[in-house]
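Trainee: Mind looking over this structure? Questions follow.
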Amino acid sequence: MLKRLMDRRNEEDGFTLIELMVVVLVIGILIAIALPTFLGARERAQDRAAQSNLRNALAAGKVYYTDGDTFAAFTETEGEAAEPSLTWEDTLPAAGSEVVGTVYIVTASATDLHMVAESASGTFFGIHESTDGAGGTTYCSGATVAAIDAETECTGASF
């Protein structure tokens, strides 16, 4: 009888229900570990894209300043001429209607240029260039555009 049970057991192919449940459990644990890491990487990549847009926009602004020794007339048109791969706007829209991927020129005076962009993750980033000798380039980020729409709010380290 024992020999018949052993033969029958050897003849059966496939996995038991317990074995399948263990595999599903292991896969579930791996997904639970990997998903937050993946989502964090995605958010960081979205933030880096907005920051890169601002750096490219600043380079276009500096080219304009070099040509005219002022930021005063740096507008959407000049931005598009210098860096056509970016989407430019001269003014900030109403709160909540900002467009991801657009570089907004907040201030363009004789010695100051302040620009803001929104990341796809919902974070706003700002960059400010001051040529009056004391400022240089400053960076900022915030949860809303109102938190970073002025030079005094851009005092953070570089991004």
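All residue names refer to the structure tokens as shown: chains lettered A, B, ... in order, residues numbered from 1 in each chain, ligands numbered from 1 in order.
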For A:Gly135, work out the shell of residues within 12 Å, counting only C-alpha atoms and skipping chain neighbours fewer than 5 positions away, then give it as a PyMOL selection string.
Mentor: chain A and resi 111-114+127-130+151-152+154-155
Trainee: Using backbone DSSP assignments, extract all strand (DSSP E or B) residues from chain A; output them as an MDAnalysis selection string.
Mentor: chainID A and resid 87:89 102:108 112:118 124:130 136:142 156
Trainee: Write out, as a tab-separated table (two decimals), in the first residue's frame, the residues just selected, with C-alpha atoms.
Mentor:
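What ended up in part.tsv:
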chain	number	residue	atom	x	y	z
A	87	THR	CA	7.39	76.77	-23.42
A	88	TRP	CA	7.52	80.37	-22.19
A	89	GLU	CA	4.98	82.71	-20.56
A	102	THR	CA	6.06	76.03	-18.81
A	103	VAL	CA	8.70	78.52	-17.70
A	104	TYR	CA	7.08	81.65	-16.29
A	105	ILE	CA	9.03	84.91	-16.32
A	106	VAL	CA	7.99	86.56	-13.05
A	107	THR	CA	10.45	89.47	-12.93
A	108	ALA	CA	12.65	90.88	-15.67
A	112	ASP	CA	17.13	90.88	-11.95
A	113	LEU	CA	15.52	87.91	-13.65
A	114	HIS	CA	13.16	85.62	-11.73
A	115	MET	CA	11.53	82.57	-13.32
A	116	VAL	CA	9.27	79.79	-12.02
A	117	ALA	CA	8.31	76.33	-13.33
A	118	GLU	CA	6.03	73.58	-12.04
A	124	PHE	CA	7.19	74.54	-7.90
A	125	PHE	CA	10.78	75.58	-8.55
A	126	GLY	CA	12.18	79.06	-8.96
A	127	ILE	CA	15.47	80.51	-10.10
A	128	HIS	CA	16.64	84.08	-9.63
A	129	GLU	CA	19.59	85.82	-11.25
A	130	SER	CA	20.82	89.14	-9.96
A	136	GLY	CA	24.23	85.94	-8.18
A	137	THR	CA	22.04	82.94	-8.84
A	138	THR	CA	19.66	81.67	-6.16
A	139	TYR	CA	17.23	78.79	-6.22
A	140	CYS	CA	14.01	77.91	-4.42
A	141	SER	CA	11.20	75.42	-4.32
A	142	GLY	CA	7.78	75.33	-2.74
A	156	GLY	CA	17.96	78.10	-1.03
Trainee: Quick check for you: according to DSSP on this backbone, which residues of stretch 44-117 of chain A are classed as helix (DSSP H, G or I)? Reply as JSON, numbers by chain.
Mentor: {"A": [44, 45, 46, 47, 48, 49, 50, 51, 52, 53, 54, 55, 56, 57, 58, 59, 60, 61, 62, 63, 64, 65, 66, 67, 68, 76, 77, 78, 79, 80, 81, 82]}
Trainee: Which residues, written as a count of residues only, have at least one atom at most 6 Å from stretch 41-58 of chain A, with only C-alpha atoms counted and residues fewer than 6 positions away on the same chain left out?
Mentor: 3
Trainee: Can you work out which one of A:Ala110, A:Val24, A:Val99, A:Leu92 has the shortest atom-to-atom distance to A:Gly61, counting only C-alpha atoms?
Mentor: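 Answer, going by the shortest atom-to-atom distance: A:Ala110.
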Trainee: What is the distance, in Å and to one decimal place, between atom CA of A:Ala95 and atom CA of A:Glu153?
Mentor: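 One can read the atom CA of A:Ala95 to atom CA of A:Glu153 distance as 17.2 Å.
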Trainee: Can you measure atom CA of A:Glu83 to atom CA of A:Asp132 for me? One decimal in Å is fine.
Mentor: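 It comes out at 24.5 Å.
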